[in-house]
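Dropping structure.txt in here (compact mmCIF, C-alpha atoms):
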```txt
# COMPACT_ATOMS: atom_id res chain seq x y z
CA MET A 1 172.31 -54.81 -1.08
CA LYS A 2 169.92 -51.86 -1.19
CA LEU A 3 166.81 -51.79 0.96
CA ASP A 4 163.79 -49.56 0.46
CA PHE A 5 163.95 -48.31 4.05
CA ARG A 6 163.51 -44.83 5.52
CA ASP A 7 164.86 -43.80 8.91
CA PHE A 8 162.25 -41.25 10.01
CA TYR A 9 163.00 -38.20 12.13
CA TYR A 10 159.64 -36.50 11.64
CA LEU A 11 156.37 -37.96 10.36
CA ASP A 12 153.03 -36.17 10.32
CA SER A 13 150.85 -39.29 10.42
CA ASP A 14 147.62 -37.26 10.45
CA TYR A 15 148.48 -35.51 7.20
CA VAL A 16 149.66 -38.79 5.66
CA ASP A 17 146.28 -40.38 6.42
CA ASN A 18 144.28 -37.40 5.19
CA LEU A 19 146.23 -37.10 1.94
CA SER A 20 146.13 -40.86 1.37
CA GLY A 21 142.37 -40.85 1.87
CA HIS A 22 142.02 -37.96 -0.55
CA ILE A 23 144.00 -39.76 -3.26
CA SER A 24 142.65 -43.31 -2.87
CA GLY A 25 139.24 -42.64 -1.35
CA PHE A 26 139.88 -44.63 1.84
CA ILE A 27 142.46 -45.14 4.59
CA GLU A 28 143.94 -48.61 5.02
CA ASN A 29 144.52 -49.38 8.69
CA GLU A 30 144.76 -53.17 8.64
CA TYR A 31 146.13 -55.84 6.37
CA SER A 32 145.54 -59.57 5.99
CA GLU A 33 147.63 -62.16 4.23
CA VAL A 34 146.76 -65.77 3.35
CA GLU A 35 149.14 -68.51 2.22
CA LYS A 36 147.39 -71.49 0.64
CA GLU A 37 148.52 -74.67 -1.07
CA GLU A 38 146.20 -76.61 -3.36
CA GLU A 39 145.19 -80.09 -2.30
CA THR A 40 146.06 -82.84 -4.78
CA ASN A 41 144.93 -86.48 -4.70
CA LYS A 42 146.74 -89.25 -6.57
CA GLY A 43 145.23 -92.47 -5.24
CA LYS A 44 145.52 -95.94 -6.72
CA GLY A 45 143.42 -97.01 -9.67
CA ASN A 46 143.18 -100.00 -11.98
CA VAL A 47 143.15 -99.71 -15.71
CA GLY A 48 142.22 -103.05 -17.34
CA PHE A 49 143.18 -104.42 -20.72
CA GLY A 50 141.23 -107.59 -21.25
CA VAL A 51 142.04 -109.98 -18.40
CA ALA A 52 145.20 -108.20 -17.26
CA GLY A 53 145.19 -104.96 -15.30
CA VAL A 54 147.70 -102.16 -14.55
CA ASP A 55 147.78 -100.40 -11.18
CA LEU A 56 148.42 -96.64 -11.33
CA GLY A 57 149.81 -94.98 -8.19
CA ARG A 58 148.12 -91.88 -6.78
CA ASP A 59 149.60 -89.94 -3.88
CA SER A 60 147.66 -87.67 -1.58
CA LYS A 61 148.96 -84.28 -0.42
CA THR A 62 147.16 -81.80 1.83
CA GLY A 63 148.19 -78.13 1.70
CA LYS A 64 148.62 -75.80 4.68
CA LYS A 65 146.69 -72.56 4.95
CA THR A 66 148.24 -69.69 6.95
CA SER A 67 146.48 -66.43 7.74
CA ARG A 68 148.13 -63.26 9.02
CA LYS A 69 146.50 -60.05 10.16
CA GLY A 70 148.06 -56.87 11.42
CA VAL A 71 148.02 -53.10 11.60
CA VAL A 72 149.41 -50.92 8.79
CA ASN A 73 151.71 -48.55 10.71
CA SER A 74 152.48 -44.95 9.79
CA GLU A 75 155.72 -45.82 7.98
CA ILE A 76 153.97 -48.32 5.71
CA ARG A 77 151.12 -45.90 5.04
CA TYR A 78 153.70 -43.26 4.17
CA LYS A 79 155.40 -45.57 1.67
CA LYS A 80 152.09 -46.21 -0.07
CA LEU A 81 151.34 -42.48 -0.13
CA PHE A 82 154.80 -41.72 -1.51
CA ASP A 83 154.40 -44.33 -4.26
CA SER A 84 151.04 -42.79 -5.18
CA LEU A 85 152.56 -39.30 -5.32
CA LYS A 86 155.37 -40.56 -7.56
CA GLU A 87 152.81 -42.01 -9.95
CA LEU A 88 151.15 -38.58 -10.00
CA GLY A 89 154.45 -36.92 -10.95
CA LEU A 90 156.11 -36.00 -7.63
CA GLU A 91 159.34 -34.03 -8.18
CA GLN A 92 162.41 -35.23 -6.22
CA ILE A 93 165.00 -32.44 -6.10
CA ASP A 94 168.65 -32.38 -4.97
CA SER A 95 169.54 -28.93 -6.31
CA PHE A 96 167.97 -26.04 -8.20
CA ASP A 97 168.80 -23.51 -10.85
CA ASP A 98 166.67 -20.49 -11.74
CA TYR A 99 164.75 -22.34 -14.45
CA LEU A 100 163.95 -25.36 -12.24
CA TRP A 101 163.03 -23.15 -9.27
CA ASN A 102 160.60 -21.02 -11.27
CA MET A 103 159.07 -24.05 -12.96
CA ILE A 104 158.57 -26.33 -9.94
CA VAL A 105 158.30 -24.23 -6.79
CA GLU A 106 154.72 -23.00 -6.80
CA GLU A 107 152.25 -22.70 -3.94
CA GLY A 108 150.29 -25.91 -3.47
CA GLU A 109 152.91 -28.18 -5.07
CA PHE A 110 154.20 -31.32 -3.34
CA ILE A 111 157.94 -31.99 -3.67
CA GLU A 112 160.66 -34.08 -2.06
CA VAL A 113 163.75 -31.98 -1.32
CA ARG A 114 167.16 -33.34 -0.41
CA GLY A 115 169.54 -31.17 1.59
CA SER A 116 171.00 -30.15 4.93
CA LEU A 117 168.76 -29.32 7.90
CA TYR A 118 169.46 -26.66 10.52
CA PHE A 119 167.57 -25.29 13.47
CA THR A 120 167.58 -21.57 14.20
CA GLN A 121 170.10 -19.31 15.92
CA VAL A 122 167.85 -19.37 19.00
CA TYR A 123 168.22 -23.14 19.20
CA ASP A 124 172.01 -22.78 18.87
CA LEU A 125 172.01 -20.03 21.51
CA GLU A 126 170.14 -22.21 23.98
CA GLN A 127 172.56 -25.08 23.43
CA GLN A 128 175.60 -22.80 23.88
CA ILE A 129 174.21 -21.22 27.05
CA ASN A 130 173.54 -24.64 28.52
CA ILE A 131 177.11 -25.75 27.80
CA ILE A 132 178.88 -22.52 28.80
CA GLY A 133 176.68 -21.97 31.84
CA GLY A 134 177.26 -25.46 33.19
CA PHE A 135 180.97 -25.40 32.39
CA GLY A 136 181.49 -21.88 33.79
CA SER A 137 179.59 -22.47 37.01
CA ASP A 138 181.52 -25.69 37.61
CA LEU A 139 184.81 -23.77 37.33
CA GLY A 140 183.51 -20.91 39.45
CA PHE A 141 183.93 -17.96 37.03
CA ILE A 142 180.17 -17.76 36.33
CA ASP A 143 177.61 -17.54 39.09
CA LYS A 144 175.45 -20.67 38.84
CA LYS A 145 172.27 -18.83 39.84
CA GLU A 146 172.77 -16.16 37.17
CA ALA A 147 173.64 -18.79 34.54
CA ASP A 148 170.49 -20.76 35.39
CA GLU A 149 168.33 -17.63 35.18
CA VAL A 150 169.64 -16.75 31.71
CA THR A 151 169.25 -20.34 30.53
CA ASN A 152 165.68 -20.54 31.84
CA GLN A 153 164.71 -17.22 30.22
CA ILE A 154 166.02 -18.24 26.80
CA SER A 155 164.42 -21.68 27.08
CA LYS A 156 161.03 -20.27 28.06
CA ILE A 157 161.04 -17.77 25.19
CA LYS A 158 162.05 -20.53 22.78
CA GLU A 159 159.26 -22.77 24.09
CA LEU A 160 156.74 -19.93 23.64
CA GLN A 161 157.75 -19.58 20.01
CA GLU A 162 157.69 -23.32 19.37
CA ILE A 163 154.00 -23.44 20.28
CA ASN A 164 153.57 -22.16 16.71
CA GLY A 165 155.99 -24.78 15.36
CA ILE A 166 159.71 -25.54 15.58
CA PRO A 167 161.47 -23.66 12.76
CA VAL A 168 163.92 -25.66 10.67
CA LYS A 169 165.87 -24.54 7.59
CA ILE A 170 166.61 -26.77 4.60
CA GLU A 171 169.44 -25.92 2.22
CA THR A 172 169.96 -27.82 -1.03
CA SER A 173 173.47 -28.54 -2.33
CA ASP A 174 173.48 -25.38 -4.47
CA ALA A 175 173.21 -23.32 -1.21
CA LYS A 176 171.24 -20.60 -3.00
CA TYR A 177 167.68 -21.81 -2.52
CA LYS A 178 166.28 -22.37 0.96
CA PHE A 179 163.16 -23.82 2.54
CA ILE A 180 161.63 -23.05 5.94
CA ALA A 181 159.45 -25.59 7.73
CA TYR A 182 157.69 -25.40 11.09
CA LEU A 183 157.65 -28.79 12.81
CA ASN A 184 154.88 -29.91 15.12
CA SER A 185 156.55 -31.40 18.20
CA LYS A 186 153.76 -34.00 18.32
CA PHE A 187 155.17 -35.65 15.19
CA LEU A 188 158.89 -35.61 16.09
CA VAL A 189 160.14 -39.19 15.90
CA LYS A 190 163.53 -38.28 17.39
CA GLU A 191 164.98 -35.46 19.48
CA GLN A 192 165.77 -32.09 17.90
CA SER A 193 169.48 -32.68 18.47
CA ASP A 194 169.28 -35.76 16.21
CA ILE A 195 167.86 -33.88 13.21
CA THR A 196 170.69 -31.50 12.29
CA GLY A 197 173.34 -32.20 9.68
CA ASN A 198 173.70 -33.19 6.07
CA ASP A 199 171.80 -35.33 3.59
CA TYR A 200 168.19 -35.49 4.69
CA LYS A 201 165.05 -35.69 2.60
CA ILE A 202 161.85 -33.84 3.35
CA LEU A 203 158.49 -34.41 1.71
CA CYS A 204 156.58 -31.16 1.87
CA LYS A 205 153.93 -28.93 0.35
CA ILE A 206 154.84 -25.41 -0.82
CA GLU A 207 152.87 -22.86 1.20
CA LYS A 208 154.56 -19.55 0.36
CA LYS A 209 157.19 -18.53 -2.16
CA ILE A 210 159.67 -15.84 -1.11
CA ILE A 211 161.04 -13.90 -4.06
CA SER A 212 164.73 -13.12 -4.55
CA GLY A 213 165.90 -10.37 -2.19
CA GLU A 214 162.81 -10.48 0.05
CA ALA A 215 163.46 -10.99 3.79
CA TYR A 216 161.30 -13.40 5.76
CA GLU A 217 161.29 -13.32 9.59
CA LEU A 218 161.41 -16.77 11.15
CA PHE A 219 159.73 -15.53 14.33
CA ASP A 220 156.71 -13.34 15.03
CA ILE A 221 158.61 -10.75 17.10
CA LYS A 222 155.58 -8.67 18.09
CA GLU A 223 153.71 -11.71 19.35
CA LEU A 224 156.70 -12.85 21.43
CA GLU A 225 157.14 -9.39 22.92
CA ARG A 226 153.47 -9.29 23.91
CA LYS A 227 153.84 -12.66 25.65
CA THR A 228 157.10 -11.90 27.45
CA THR A 229 156.70 -8.23 28.53
CA ASN A 230 153.96 -5.85 29.54
CA ARG A 231 153.16 -2.59 27.71
CA ALA A 232 155.12 -0.37 30.15
CA GLU A 233 158.23 -2.53 29.81
CA ARG A 234 158.00 -2.43 26.02
CA ARG A 235 157.76 1.37 26.00
CA LYS A 236 160.64 1.70 28.44
CA LYS A 237 163.04 -0.89 27.06
CA GLY A 238 162.04 -1.10 23.41
CA ASN A 239 162.71 -4.48 21.80
CA THR A 240 163.81 -6.69 24.69
CA LEU A 241 164.30 -9.95 22.81
CA PRO A 242 167.79 -11.25 21.95
CA LYS A 243 168.96 -10.49 18.42
CA GLU A 244 168.77 -14.19 17.56
CA PHE A 245 164.97 -13.87 17.50
CA LYS A 246 165.30 -11.38 14.63
CA GLU A 247 166.72 -14.06 12.33
CA THR A 248 165.57 -13.78 8.73
CA ILE A 249 165.88 -15.79 5.54
CA VAL A 250 166.42 -13.87 2.31
CA GLY A 251 164.82 -15.22 -0.87
CA PRO A 252 164.79 -17.05 -3.14
CA ALA A 253 163.17 -19.31 -0.57
CA ALA A 254 159.89 -21.00 0.28
CA VAL A 255 157.87 -21.73 3.41
CA VAL A 256 156.70 -25.34 3.32
CA LEU A 257 154.35 -27.63 5.21
CA PRO A 258 156.50 -30.56 6.40
CA ILE A 259 155.04 -34.05 6.01
CA ALA A 260 158.08 -36.25 6.68
CA ILE A 261 161.82 -35.97 7.27
CA TYR A 262 163.98 -39.03 6.81
CA ARG A 263 167.25 -40.49 5.59
```
So that I can check it, write out the structure of this file as structure tokens.
Amino acid sequence: MKLDFRDFYYLDSDYVDNLSGHISGFIENEYSEVEKEEETNKGKGNVGFGVAGVDLGRDSKTGKKTSRKGVVNSEIRYKKLFDSLKELGLEQIDSFDDYLWNMIVEEGEFIEVRGSLYFTQVYDLEQQINIIGGFGSDLGFIDKKEADEVTNQISKIKELQEINGIPVKIETSDAKYKFIAYLNSKFLVKEQSDITGNDYKILCKIEKKIISGEAYELFDIKELERKTTNRAERRKKGNTLPKEFKETIVGPAAVVLPIAIYR
């Protein structure tokens, strides 16, 4: 049995409401439902033919009226928005070729993309340092204080960057075309560690198209350097950030505004 159910990992409820209101002209926050049965009366009557008469039976039945009221939650509002977008011609894509990419991926377009989701090398680095640092300090071949300092530095820099959004990469099954989204932590339904792997769907809006061969930096390096070092340190040490913060995506690719991620 198939159910029309989505397991959400990310859901921008504000954008869902705004886009729904734009399409339909209003935002539905509540619902009401009424169940009603008609009342029928079949009493007894007498139909006469001359002197004789015939009794006709008539039963009486009273119906039950049930009222329900509730709140339309974000998931239900999303479903209604998605159905509206499909009626307007929403493209649902599993893989691309050059023709499909050039025809569909344009700035301002809404699409649903199916693929694998990955966080950045910085996210992977933080996870590895946490594991290796804890394991190494427990065994005694890494100084726990030094391991904690490195872990805290990487985590703080990562948190600084994520103020501007948590970068996530989406790769379709063809592995040639990529999408970059910046997630707002406010709308994460589950932890970051639960959102990596294969076979996710993301509803998004194309914000920027990256042509074939063009490199796109996932992080604003200059901004991070300004936040993490002073001018004298930058002149003395040069670029002090780990190489993982220099991660780039090479086109063909697109930067998208994420609306929802689900399975």
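Nearest-residue note for A:Glu207: choosing from A:Leu188, A:Leu160, A:Val256, A:Ala175, the minimum distance belongs to A:Val256, counting all atoms listed in the file.
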Open item on the list: Give me, as a ChimeraX atom specification, all polymer residues having an atom no more than 10 Å from A:Asp14, counting only C-alpha atoms and skipping those fewer than 3 positions away in the same chain.
Closed with: /A:11,17-20,74,187,259
Requested write-out: C-alpha atoms of the selected residues, as a CSV table (one decimal), keeping the file's coordinate frame:
```csv
chain,number,residue,atom,x,y,z
A,11,LEU,CA,156.4,-38.0,10.4
A,17,ASP,CA,146.3,-40.4,6.4
A,18,ASN,CA,144.3,-37.4,5.2
A,19,LEU,CA,146.2,-37.1,1.9
A,20,SER,CA,146.1,-40.9,1.4
A,74,SER,CA,152.5,-45.0,9.8
A,187,PHE,CA,155.2,-35.6,15.2
A,259,ILE,CA,155.0,-34.0,6.0
```
Task: Between atom CA of A:Leu88 and atom CA of A:Tyr182 - distance in Å to one decimal - done: 25.7 Å
TODO: May I have the residues within 12 Å of A:Ile93 as a VMD selection string, using all atoms listed in the file and disregarding those fewer than 5 positions away in the same chain?
DONE: chain A and resid 100 to 101 104 to 105 110 to 115 171 to 174 177 200 to 204
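Closest approach to A:Leu81 among A:Phe96, A:His22, A:Leu117, A:Ile195: A:His22, based on only C-alpha atoms.
We find atom CA of A:Val255 and atom CA of A:Ala215 to be spaced 12.1 Å apart.
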TODO: Grab the atom CA of A:Lys176 to atom CA of A:Phe219 distance for me, in Å with one decimal place.
DONE: 21.4 Å
Task: Nearest to A:Ile166, chosen from A:Ala181, A:Leu125, A:Val250, A:Ile206, with all atoms listed in the file counted in the distances - done: A:Ala181
Task: Proximity to A:Leu218 - best of A:Ile261, A:Ala254, A:Leu90, A:Val16, all atoms listed in the file - done: A:Ala254
Open item on the list: If we draw a sphere of 12 Å around (160.0, -21.7, 11.1), which residues have at least one atom in it when counting only C-alpha atoms? Please report them as an MDAnalysis selection string.
Closed with: chainID A and resid 118:123 158 161:170 178:184 216:220 245 247:249 254:258
TODO: Give me the residues within 12 Å of A:Asn102 as a PyMOL selection string, counting all atoms listed in the file and dropping any in the same chain fewer than 4 places off.
DONE: chain A and resi 96-98+106-107+177+209-212+252-254
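The nearest approach to A:Asp12 among the residues A:Ser185, A:Asn152, A:Thr196, A:Ser116, with all atoms listed in the file taken into account, belongs to A:Ser185.
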